[in-house]
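Note: the block below is target29.cif and it holds mmCIF, C-alpha atoms.
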data_structure
loop_
_atom_site.label_atom_id
_atom_site.label_comp_id
_atom_site.auth_asym_id
_atom_site.auth_seq_id
_atom_site.Cartn_x
_atom_site.Cartn_y
_atom_site.Cartn_z
CA MET Q 1 0.00 0.00 0.00
CA ALA Q 2 2.80 2.35 1.02
CA SER Q 3 4.78 1.58 -2.13
CA SER Q 4 1.80 2.17 -4.42
CA ARG Q 5 1.26 5.52 -2.70
CA SER Q 6 4.89 6.51 -3.19
CA ALA Q 7 4.74 5.31 -6.80
CA PHE Q 8 1.70 7.53 -7.35
CA LEU Q 9 3.50 10.46 -5.72
CA LEU Q 10 6.62 9.93 -7.81
CA LYS Q 11 4.54 9.79 -10.99
CA TYR Q 12 2.17 12.69 -10.37
CA GLY Q 13 3.79 14.78 -7.59
CA ILE Q 14 5.89 16.96 -9.87
CA PRO Q 15 3.13 17.62 -12.45
CA SER Q 16 0.88 18.51 -9.48
CA ILE Q 17 3.36 21.23 -8.50
CA ALA Q 18 2.96 22.66 -12.02
CA VAL Q 19 -0.82 22.73 -11.50
CA VAL Q 20 -0.41 24.50 -8.13
CA VAL Q 21 1.82 27.15 -9.76
CA ILE Q 22 -0.85 27.69 -12.44
CA ILE Q 23 -3.58 28.08 -9.80
CA ILE Q 24 -1.45 30.66 -7.95
CA GLN Q 25 -0.90 32.54 -11.23
CA VAL Q 26 -4.62 32.58 -12.05
CA TYR Q 27 -5.33 33.85 -8.51
CA PHE Q 28 -2.83 36.71 -8.93
CA VAL Q 29 -4.16 37.55 -12.41
CA ASN Q 30 -7.70 37.85 -11.07
CA THR Q 31 -7.02 39.53 -7.73
CA HIS Q 32 -3.81 41.55 -8.24
CA ASN Q 33 -4.08 42.25 -11.97
CA LEU Q 34 -0.85 40.36 -12.74
CA SER Q 35 -0.09 40.20 -16.47
CA LYS Q 36 -1.01 36.82 -17.92
CA TRP Q 37 2.44 36.74 -19.49
CA LYS Q 38 4.09 36.02 -16.15
CA GLY Q 39 3.75 33.91 -13.04
CA GLY Q 40 4.17 30.43 -14.54
CA GLY Q 41 0.61 30.02 -15.81
CA TYR Q 42 1.66 29.68 -19.48
CA GLY Q 43 -0.54 32.62 -20.48
CA MET Q 44 2.04 34.20 -22.78
CA TYR Q 45 0.73 35.44 -26.15
CA THR Q 46 -2.84 35.68 -24.85
CA GLU Q 47 -2.99 39.46 -24.47
CA ILE Q 48 -0.93 42.52 -25.43
CA HIS Q 49 2.35 42.48 -23.49
CA TYR Q 50 2.48 44.49 -20.26
CA PHE Q 51 5.55 46.23 -21.68
CA TYR Q 52 3.12 48.34 -23.73
CA ASN Q 53 1.28 49.58 -20.63
CA GLN Q 54 1.96 53.27 -20.11
CA ILE Q 55 2.59 55.12 -16.86
CA TYR Q 56 1.45 58.72 -17.13
CA ILE Q 57 2.31 61.40 -14.58
CA PRO Q 58 0.96 64.82 -15.63
CA GLY Q 59 3.71 67.42 -15.84
CA MET Q 60 6.52 64.90 -15.38
CA SER Q 61 8.66 62.81 -17.70
CA VAL Q 62 8.69 59.15 -16.67
CA ASP Q 63 11.85 58.57 -18.73
CA SER Q 64 13.80 61.14 -16.73
CA LEU Q 65 12.50 59.64 -13.47
CA LEU Q 66 13.78 56.23 -14.53
CA LYS Q 67 17.20 57.48 -15.56
CA ASP Q 68 19.94 56.08 -13.30
CA ASP Q 69 17.49 55.07 -10.60
CA PRO Q 70 17.28 51.27 -10.17
CA ASN Q 71 14.76 51.56 -7.34
CA MET Q 72 12.44 53.65 -9.52
CA LYS Q 73 12.91 51.22 -12.43
CA SER Q 74 11.98 48.30 -10.22
CA THR Q 75 8.92 50.02 -8.65
CA LEU Q 76 7.51 51.39 -11.91
CA GLY Q 77 8.35 48.12 -13.69
CA TYR Q 78 6.33 46.26 -11.07
CA LEU Q 79 3.46 48.68 -11.64
CA MET Q 80 3.46 47.87 -15.36
CA LEU Q 81 3.60 44.13 -14.65
CA MET Q 82 0.91 44.22 -11.97
CA PRO Q 83 -1.10 47.45 -12.32
CA ASN Q 84 -3.14 47.51 -9.12
CA LYS Q 85 -3.90 50.02 -6.34
CA ASP Q 86 -1.11 48.80 -4.02
CA ASN Q 87 1.56 49.13 -6.68
CA LEU Q 88 0.18 52.53 -7.74
CA ASN Q 89 0.44 53.74 -4.12
CA GLU Q 90 3.99 52.39 -3.83
CA ALA Q 91 4.96 54.16 -7.05
CA ALA Q 92 3.27 57.41 -5.96
CA LYS Q 93 5.11 57.38 -2.61
CA LEU Q 94 8.46 56.80 -4.27
CA VAL Q 95 7.90 59.54 -6.87
CA LEU Q 96 6.82 61.97 -4.12
CA ARG Q 97 9.93 61.20 -2.06
CA THR Q 98 12.24 61.43 -5.08
CA THR Q 99 10.85 64.62 -6.60
CA LYS Q 100 9.99 66.31 -3.25
CA LYS Q 101 6.70 67.55 -4.71
CA ASP Q 102 3.64 68.34 -2.59
CA SER Q 103 1.29 66.08 -4.50
CA ILE Q 104 1.28 63.58 -7.33
CA HIS Q 105 -1.20 62.09 -9.79
CA ILE Q 106 -0.20 58.79 -11.41
CA GLN Q 107 -2.17 56.93 -14.02
CA ILE Q 108 -1.56 53.56 -15.66
CA TRP Q 109 -2.97 52.98 -19.14
CA LYS Q 110 -3.13 49.95 -21.40
CA PRO Q 111 -3.33 49.80 -25.20
CA THR Q 112 -6.61 48.71 -26.77
CA ILE Q 113 -7.27 47.68 -30.34
CA ASN Q 114 -10.37 47.16 -32.43
CA SER Q 115 -9.54 44.62 -35.12
CA GLU Q 116 -12.69 45.48 -37.11
CA ASN Q 117 -11.55 49.00 -37.95
CA GLY Q 118 -7.91 49.09 -36.77
CA VAL Q 119 -8.53 51.81 -34.16
CA HIS Q 120 -5.80 51.78 -31.55
CA SER Q 121 -6.40 53.76 -28.37
CA ARG Q 122 -5.61 53.62 -24.67
CA ALA Q 123 -7.78 52.67 -21.71
CA LEU Q 124 -7.22 53.79 -18.13
CA ILE Q 125 -6.50 50.83 -15.83
CA ASP Q 126 -6.26 52.79 -12.59
CA GLU Q 127 -5.01 56.04 -11.10
CA VAL Q 128 -4.06 57.54 -7.77
CA TYR Q 129 -3.76 61.04 -6.29
CA MET Q 130 -1.43 61.40 -3.34
CA LYS Q 131 -0.25 64.31 -1.19
CA THR Q 132 2.99 64.46 0.77
CA SER Q 133 0.92 64.98 3.91
CA ASN Q 134 -0.57 61.48 3.37
CA LEU Q 135 2.83 59.83 3.49
CA MET Z 1 27.17 5.10 -43.82
CA LYS Z 2 29.08 4.58 -40.59
CA TYR Z 3 27.94 8.08 -39.55
CA TRP Z 4 24.32 7.00 -39.71
CA SER Z 5 24.98 3.91 -37.56
CA ASP Z 6 26.80 6.13 -35.01
CA ILE Z 7 23.85 8.53 -34.98
CA LYS Z 8 21.40 5.62 -34.61
CA GLU Z 9 23.40 4.25 -31.69
CA THR Z 10 23.30 7.64 -29.93
CA LEU Z 11 19.60 8.04 -30.64
CA SER Z 12 18.79 4.60 -29.22
CA THR Z 13 19.46 5.75 -25.65
CA ASN Z 14 16.93 8.55 -25.63
CA ILE Z 15 16.70 9.12 -21.86
CA GLU Z 16 20.45 9.59 -21.61
CA LEU Z 17 20.47 11.77 -24.73
CA ALA Z 18 17.53 13.92 -23.54
CA SER Z 19 19.19 14.32 -20.12
CA GLN Z 20 22.41 15.49 -21.78
CA LEU Z 21 20.50 17.97 -23.93
CA LEU Z 22 18.61 19.22 -20.87
CA LEU Z 23 21.91 19.72 -19.07
CA LEU Z 24 23.26 21.64 -22.07
CA THR Z 25 20.15 23.83 -22.30
CA LEU Z 26 20.20 24.33 -18.54
CA GLY Z 27 23.86 25.36 -18.64
CA VAL Z 28 23.22 27.95 -21.35
CA TYR Z 29 20.04 29.22 -19.65
CA SER Z 30 21.75 29.49 -16.25
CA PHE Z 31 24.74 31.24 -17.82
CA VAL Z 32 22.45 33.84 -19.41
CA LEU Z 33 20.62 34.36 -16.10
CA ALA Z 34 23.78 34.24 -13.97
CA GLU Z 35 23.97 38.02 -13.69
CA ASP Z 36 20.53 38.24 -12.07
CA ASN Z 37 20.72 37.81 -8.29
CA ARG Z 38 24.44 37.18 -8.71
CA LEU Z 39 25.35 37.68 -5.06
CA SER Z 40 23.17 34.77 -4.01
CA LYS Z 41 24.41 32.60 -6.85
CA VAL Z 42 28.14 33.06 -6.50
CA LEU Z 43 28.49 30.80 -3.46
CA VAL Z 44 26.24 28.11 -4.94
CA ILE Z 45 28.23 28.00 -8.18
CA PHE Z 46 31.60 27.97 -6.41
CA ILE Z 47 30.70 25.26 -3.88
CA GLY Z 48 28.84 23.26 -6.56
CA LEU Z 49 31.81 23.31 -8.91
CA MET Z 50 34.25 22.39 -6.12
CA ILE Z 51 32.14 19.39 -5.05
CA TRP Z 52 31.55 18.31 -8.64
CA PHE Z 53 35.24 18.64 -9.50
CA PHE Z 54 36.54 16.57 -6.58
CA PHE Z 55 33.71 14.19 -5.71
CA ARG Z 56 31.63 13.61 -8.85
CA ASN Z 57 32.73 9.97 -9.13
CA LYS Z 58 32.67 9.33 -5.41
CA THR Z 59 29.14 10.34 -4.54
CA LYS Z 60 25.74 8.98 -5.55
CA HIS Z 61 24.24 12.47 -5.47
CA PRO Z 62 23.71 14.28 -8.80
CA ILE Z 63 25.91 17.25 -7.85
CA ILE Z 64 25.67 19.17 -11.11
CA TRP Z 65 21.85 18.83 -11.29
CA LEU Z 66 21.54 19.91 -7.66
CA MET Z 67 23.73 22.95 -8.31
CA PHE Z 68 21.68 24.04 -11.32
CA PHE Z 69 18.46 23.36 -9.41
CA SER Z 70 19.66 25.63 -6.59
CA LEU Z 71 20.42 28.40 -9.10
CA LEU Z 72 16.93 28.09 -10.60
CA VAL Z 73 15.34 28.17 -7.15
CA ILE Z 74 17.27 31.34 -6.22
CA ASP Z 75 15.71 33.06 -9.24
CA LEU Z 76 12.31 31.70 -8.25
CA PHE Z 77 12.56 33.19 -4.78
CA GLN Z 78 13.97 36.52 -5.83
CA SER Z 79 12.22 37.22 -9.14
CA TYR Z 80 9.12 35.01 -9.12
CA PHE Z 81 6.88 37.32 -11.13
CA TRP Z 82 9.58 38.37 -13.59
CA LEU Z 83 10.56 34.90 -14.74
CA ALA Z 84 9.65 33.43 -18.10
CA ASN Z 85 7.05 30.66 -18.01
CA HIS Z 86 9.56 28.05 -19.14
CA HIS Z 87 11.63 28.76 -16.04
CA PHE Z 88 8.90 26.96 -14.07
CA LEU Z 89 8.97 24.10 -16.58
CA ILE Z 90 12.74 23.70 -16.46
CA VAL Z 91 12.68 23.71 -12.62
CA LEU Z 92 10.22 20.81 -12.64
CA MET Z 93 12.07 18.93 -15.39
CA VAL Z 94 15.31 19.20 -13.42
CA LEU Z 95 13.50 18.07 -10.27
CA SER Z 96 12.24 15.02 -12.20
CA LEU Z 97 15.81 14.21 -13.28
CA ILE Z 98 17.08 14.58 -9.69
CA PHE Z 99 14.40 12.19 -8.43
CA TYR Z 100 15.20 9.81 -11.30
CA SER Z 101 18.85 9.68 -10.26
CA TYR Z 102 17.65 8.20 -6.94
CA HIS Z 103 14.67 5.99 -7.86
CA LYS Z 104 16.09 4.90 -11.29
CA ARG Z 105 12.58 4.18 -12.58
CA GLU Z 106 12.26 5.17 -16.23
CA ASP Z 107 8.47 4.81 -16.14
CA PHE Z 108 8.22 7.38 -13.30
CA LEU Z 109 10.46 9.83 -15.13
CA LEU Z 110 8.55 9.45 -18.40
CA LYS Z 111 5.21 9.88 -16.61
CA ASN Z 112 6.55 13.09 -15.01
CA ILE Z 113 7.62 14.46 -18.40
CA GLN Z 114 4.41 13.36 -20.14
CA MET Z 115 2.14 14.97 -17.54
CA LEU Z 116 4.24 18.14 -17.36
CA LEU Z 117 3.89 18.51 -21.12
CA VAL Z 118 0.14 17.93 -20.94
CA VAL Z 119 -0.26 20.47 -18.09
CA VAL Z 120 1.75 23.11 -19.98
CA LEU Z 121 -0.21 22.67 -23.23
CA VAL Z 122 -3.65 22.48 -21.60
CA SER Z 123 -2.93 25.54 -19.45
CA SER Z 124 -1.65 27.47 -22.45
CA ALA Z 125 -4.77 26.61 -24.46
CA PHE Z 126 -7.12 27.42 -21.54
CA GLN Z 127 -5.45 30.77 -20.88
CA LYS Z 128 -6.05 31.67 -24.53
CA LEU Z 129 -9.63 30.47 -24.34
CA MET Z 130 -10.22 32.67 -21.26
CA SER Z 131 -8.74 35.79 -22.87
CA SER Z 132 -11.30 37.93 -24.69
CA GLN Z 133 -8.51 39.84 -26.43
CA PHE Z 134 -7.12 36.59 -27.83
CA MET Z 135 -10.45 35.04 -28.76
CA SER Z 136 -11.61 38.15 -30.63
CA GLY Z 137 -8.42 38.03 -32.72
CA GLU Z 138 -7.40 41.48 -31.40
CA PHE Z 139 -4.17 40.24 -29.86
CA TYR Z 140 -2.91 38.68 -33.11
CA TYR Z 141 -4.20 41.66 -35.09
CA TYR Z 142 -2.16 44.04 -32.91
CA VAL Z 143 1.08 42.02 -32.94
CA PHE Z 144 0.84 41.27 -36.67
CA ASN Z 145 0.48 44.97 -37.44
CA ARG Z 146 3.43 45.78 -35.16
CA GLY Z 147 5.61 43.07 -36.73
CA GLY Z 148 5.75 41.06 -33.51
CA LEU Z 149 5.16 37.72 -35.23
CA PHE Z 150 6.60 36.16 -38.39
CA ARG Z 151 9.25 38.90 -38.25
CA SER Z 152 11.78 36.90 -40.33
CA PHE Z 153 9.25 36.50 -43.13
CA LEU Z 154 8.34 40.19 -43.13
CA ASN Z 155 11.78 41.00 -44.51
CA PHE Z 156 10.72 39.36 -47.78
CA SER Z 157 7.87 41.84 -48.24
CA SER Z 158 9.10 45.42 -48.30
CA GLU Z 159 5.52 46.71 -48.48
CA SER Z 160 4.46 44.90 -45.28
CA LEU Z 161 7.67 45.96 -43.54
CA GLU Z 162 6.96 49.56 -44.45
CA ILE Z 163 3.45 49.29 -42.99
CA VAL Z 164 4.85 47.74 -39.78
CA ASN Z 165 7.35 50.59 -39.41
CA SER Z 166 4.68 53.18 -40.11
CA ASN Z 167 2.34 51.59 -37.49
CA SER Z 168 5.12 51.50 -34.89
CA GLU Z 169 5.93 55.13 -35.58
CA SER Z 170 2.26 56.16 -35.23
CA ILE Z 171 2.03 54.28 -31.90
CA LEU Z 172 5.15 56.05 -30.60
CA ILE Z 173 3.71 59.43 -31.56
CA LEU Z 174 0.45 58.55 -29.80
CA GLN Z 175 2.35 57.49 -26.67
CA ASP Z 176 3.96 60.91 -26.44
CA LYS Z 177 0.51 62.49 -26.15
CA ASP Z 178 -1.57 62.86 -23.00
CA PRO Z 179 -3.71 59.70 -22.86
CA ASN Z 180 -6.49 61.73 -21.17
CA SER Z 181 -7.06 63.49 -24.49
CA ASN Z 182 -8.59 60.20 -25.72
CA GLU Z 183 -6.85 60.49 -29.07
CA ASN Z 184 -6.52 57.39 -31.15
CA ILE Z 185 -4.89 56.22 -34.36
CA VAL Z 186 -5.87 53.77 -37.06
CA LEU Z 187 -3.39 50.98 -37.75
CA LYS Z 188 -2.84 49.97 -41.34
CA ASP Z 189 -3.23 46.24 -42.06
CA ILE Z 190 -0.06 44.49 -43.26
CA VAL Z 191 -2.24 42.22 -45.41
CA PRO Z 192 -5.89 42.55 -46.53
CA ASN Z 193 -8.59 41.02 -44.26
CA LEU Z 194 -6.17 40.81 -41.35
CA HIS Z 195 -8.97 40.77 -38.76
CA VAL Z 196 -10.40 37.58 -40.28
CA ILE Z 197 -6.93 36.01 -40.57
CA SER Z 198 -6.22 36.89 -36.92
CA LEU Z 199 -9.46 35.31 -35.76
CA ILE Z 200 -8.82 32.11 -37.73
CA PHE Z 201 -5.21 31.97 -36.52
CA ALA Z 202 -6.38 32.33 -32.90
CA TRP Z 203 -8.75 29.37 -33.24
CA VAL Z 204 -6.18 27.26 -35.11
CA THR Z 205 -3.66 27.90 -32.30
CA ILE Z 206 -6.06 26.77 -29.58
CA VAL Z 207 -7.36 23.73 -31.44
CA PHE Z 208 -3.82 22.61 -32.30
CA GLU Z 209 -2.62 22.99 -28.71
CA PHE Z 210 -5.56 20.94 -27.44
CA ILE Z 211 -5.02 18.24 -30.08
CA VAL Z 212 -1.32 17.91 -29.20
CA ALA Z 213 -2.14 17.83 -25.46
CA ILE Z 214 -4.75 15.08 -25.96
CA ALA Z 215 -2.37 13.11 -28.20
CA ILE Z 216 0.40 13.25 -25.59
CA LEU Z 217 -2.02 12.21 -22.86
CA TRP Z 218 -3.54 9.40 -24.88
CA LYS Z 219 -0.63 8.05 -26.97
CA PRO Z 220 2.58 9.53 -25.54
CA LYS Z 221 4.92 7.40 -27.66
CA HIS Z 222 3.03 7.25 -30.93
CA ARG Z 223 4.66 8.50 -34.13
CA TRP Z 224 1.71 10.76 -34.99
CA THR Z 225 1.80 12.37 -31.56
CA HIS Z 226 5.42 13.36 -32.09
CA LEU Z 227 4.81 14.47 -35.65
CA LEU Z 228 2.17 16.86 -34.28
CA LEU Z 229 4.35 18.03 -31.37
CA SER Z 230 7.38 18.66 -33.58
CA LEU Z 231 5.15 20.45 -36.12
CA MET Z 232 3.81 22.66 -33.32
CA ILE Z 233 7.34 23.46 -32.10
CA LEU Z 234 8.51 24.33 -35.63
CA GLY Z 235 5.36 26.41 -36.18
CA ILE Z 236 5.99 28.40 -33.00
CA LEU Z 237 9.63 28.92 -33.99
CA CYS Z 238 8.45 30.34 -37.33
CA THR Z 239 6.15 32.83 -35.60
CA ARG Z 240 8.68 33.89 -32.99
CA LEU Z 241 12.11 32.66 -31.91
CA GLU Z 242 11.06 31.37 -28.49
CA THR Z 243 14.11 29.11 -28.59
CA GLY Z 244 14.47 28.57 -24.83
CA PHE Z 245 10.92 27.30 -24.40
CA MET Z 246 10.96 25.29 -27.63
CA ALA Z 247 14.24 23.59 -26.66
CA LEU Z 248 12.49 22.34 -23.51
CA LEU Z 249 9.43 21.12 -25.43
CA GLY Z 250 11.79 19.36 -27.86
CA ILE Z 251 13.59 17.66 -24.96
CA CYS Z 252 10.24 16.55 -23.51
CA GLY Z 253 9.37 15.12 -26.93
CA LEU Z 254 12.71 13.32 -27.10
CA PHE Z 255 12.15 11.72 -23.70
CA LEU Z 256 8.84 10.26 -24.84
CA CYS Z 257 9.44 9.51 -28.53
CA GLY Z 258 10.00 5.95 -29.73
CA ASN Z 259 10.78 6.68 -33.39
CA LEU Z 260 14.47 7.10 -34.33
CA LYS Z 261 13.85 9.56 -37.17
CA LEU Z 262 11.65 11.75 -35.01
CA ARG Z 263 14.22 11.58 -32.22
CA LEU Z 264 16.75 12.91 -34.73
CA LEU Z 265 14.33 15.70 -35.60
CA TYR Z 266 13.97 16.60 -31.91
CA VAL Z 267 17.75 16.59 -31.40
CA THR Z 268 18.13 18.86 -34.45
CA ILE Z 269 15.46 21.24 -33.11
CA VAL Z 270 16.99 21.35 -29.61
CA LEU Z 271 20.55 21.89 -30.86
CA GLY Z 272 19.30 24.57 -33.26
CA CYS Z 273 17.47 26.31 -30.41
CA VAL Z 274 20.50 26.08 -28.10
CA THR Z 275 22.69 27.56 -30.85
CA MET Z 276 20.23 30.45 -31.20
CA MET Z 277 20.23 30.94 -27.42
CA ILE Z 278 24.04 31.03 -27.24
CA THR Z 279 24.31 33.51 -30.10
CA LYS Z 280 21.31 35.45 -28.70
CA LEU Z 281 19.57 35.31 -32.08
CA GLY Z 282 16.70 33.67 -30.21
CA PHE Z 283 15.18 34.24 -26.78
CA HIS Z 284 16.67 32.35 -23.86
#
What do you get writing this file as structure tokens?
Amino acid sequence: MASSRSAFLLKYGIPSIAVVVIIIQVYFVNTHNLSKWKGGGYGMYTEIHYFYNQIYIPGMSVDSLLKDDPNMKSTLGYLMLMPNKDNLNEAAKLVLRTTKKDSIHIQIWKPTINSENGVHSRALIDEVYMKTSNL
Amino acid sequence: MKYWSDIKETLSTNIELASQLLLLTLGVYSFVLAEDNRLSKVLVIFIGLMIWFFFRNKTKHPIIWLMFFSLLVIDLFQSYFWLANHHFLIVLMVLSLIFYSYHKREDFLLKNIQMLLVVVLVSSAFQKLMSSQFMSGEFYYYVFNRGGLFRSFLNFSSESLEIVNSNSESILILQDKDPNSNENIVLKDIVPNLHVISLIFAWVTIVFEFIVAIAILWKPKHRWTHLLLSLMILGILCTRLETGFMALLGICGLFLCGNLKLRLLYVTIVLGCVTMMITKLGFH
């Protein structure tokens, strides 16, 4: 009995880990807005890549914020990969601390496409307003 | 003719051959990723190499596999959400090989590989089925018009290449504008009726993935199963040089395949993919 159980485990244990990873990925996609491209759920090539998401901060250049700042690159990169409220707040806090501004407005947009007429536009995923006094 | 008999002899031991190819792919993949989280990896590599160098013939433990497994796990812990999907596959394939080196049961190893392949293909097909952007053909429409797929073939059509460049330029101009202005652009189609082609291609992709998954589940060693799997791998390589992932699928196929000619095809695919990974012509 014990040997048949271990045989079953040795046959199906490792593929079961793959299934668990997929379940975790689906959970994060649905609750944390993780891009389907990542997380080990094999959802690559199912939607436009998160690389094309756009962070927009009115009155500020995102490119110059990213320049020579690995922490900013990591935080804003994470926001593009998983555009949710928590990551927006993290990004807003970091930008406020870095730029020493009184308030900040950050938006994250994704590209949309209509294949019937070729119209390419952008849709707002989420946005946050934050004041230094809230930090 | 002696060359062919040498090749046949090598191909006859497919588990050993597939393990060697996995080790080669793993070495290249780990080398490419070595710079990420390097501080955590340096000790593992150094100690692993020292043990392997001095004790590889004196221990029953698969030192080199354990070292590579540790490197893969470091990346898992430190960059879980940034890793490519095939990182998760290679971790589990290596784990199967480590277990195999202890239990020595070929049937267990082959069942691991077979089920891993089925899980990957079924998940991939389901994720597509669940994505409205994929099912409406919009995803393919967008990437076709941006030159994201079949890039190598686009070079043969200067007109299509021009349209791709013009679309990319228009998108860049749009990105420089305030998205709150709600401006949009109209992409030009690289070929007529692209929206219909994209929709058909989306369905063909899903149906093919499901067919291959069912074939591997039902007849894992059958010639037709491996014809379909190798066709799928070659098809994906034509659309995009996902050489790292395809090398792993090819190795999985090699583990399971019983036909010598198809084993040769798998070895050719894997070595081609590894070459592309080393030269960085393909993705790792």
Shell around range 26-41 of chain Q at 10 Å using all atoms listed in the file, local window under 3 positions removed, as a ChimeraX atom specification: /Q:18-23,44-51,78-87,125 /Z:79-89,119-120,123-124,126-128,131
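When only C-alpha atoms are used to measure the gap to Gln54 in chain Q, the shortest distance among Z:Leu172, Z:Val212, Z:Met115, Z:Val207 belongs to Z:Leu172.
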Using only C-alpha atoms, which protein or nucleic acid residues come within 6 Å of range 102-110 of chain Q? Drop anything in the same chain fewer than 6 positions from it, and give the result as a ChimeraX atom specification. /Q:53-57,122-132
Any chance you could work out the axis-aligned box around range 2-13 of chain Q, listed atoms only, 5 Å on each side, giving centre and edge lengths in Å to one decimal, as AutoDock Vina command-line options?
--center_x 3.9 --center_y 8.2 --center_z -5.0 --size_x 15.4 --size_y 23.2 --size_z 22.0
Please write the residues picked by the PyMOL selection byres ((chain Z and resi 17) around 12) on this file as number ranges by chain. Z: 7-16, 18-24, 250-257, 263-264, 266-267, 270-271
For the file shown, what are the residues hit by the PyMOL selection byres ((chain Z and resi 57-71) around 9), laid out as a ChimeraX atom specification? /Z:23,26-27,30,34,40-41,44-45,47-49,51-52,54-56,72-76,91,94-95,97-98,101-102
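Residue nearest chain Q within the list Z:Ser5, Z:Gln175, Z:Asn37, Z:Thr25: Z:Gln175 [criterion: smallest interatomic distance, all atoms listed in the file].
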So which residues get picked by the PyMOL selection byres ((chain Z and resi 244) around 8) here, written as a ChimeraX atom specification? /Z:25,29,86,242-243,245-248,273-274,277,282-284
Interatomic distance, CA of Ser181 in chain Z to CA of Glu169 in chain Z (Å, one decimal): 19.0 Å
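Distances from Z:Val164, Z:Met135, Z:Ile171, Z:Leu217 to Leu199 in chain Z were compared using only C-alpha atoms, and the smallest one belongs to Z:Met135.
Comparing the minimum interatomic distances between chain Z and each of Q:Ser121, Q:Ser74, Q:Ser4, Q:Asn134, counting all atoms listed in the file, we find that Q:Ser121 sits nearest.
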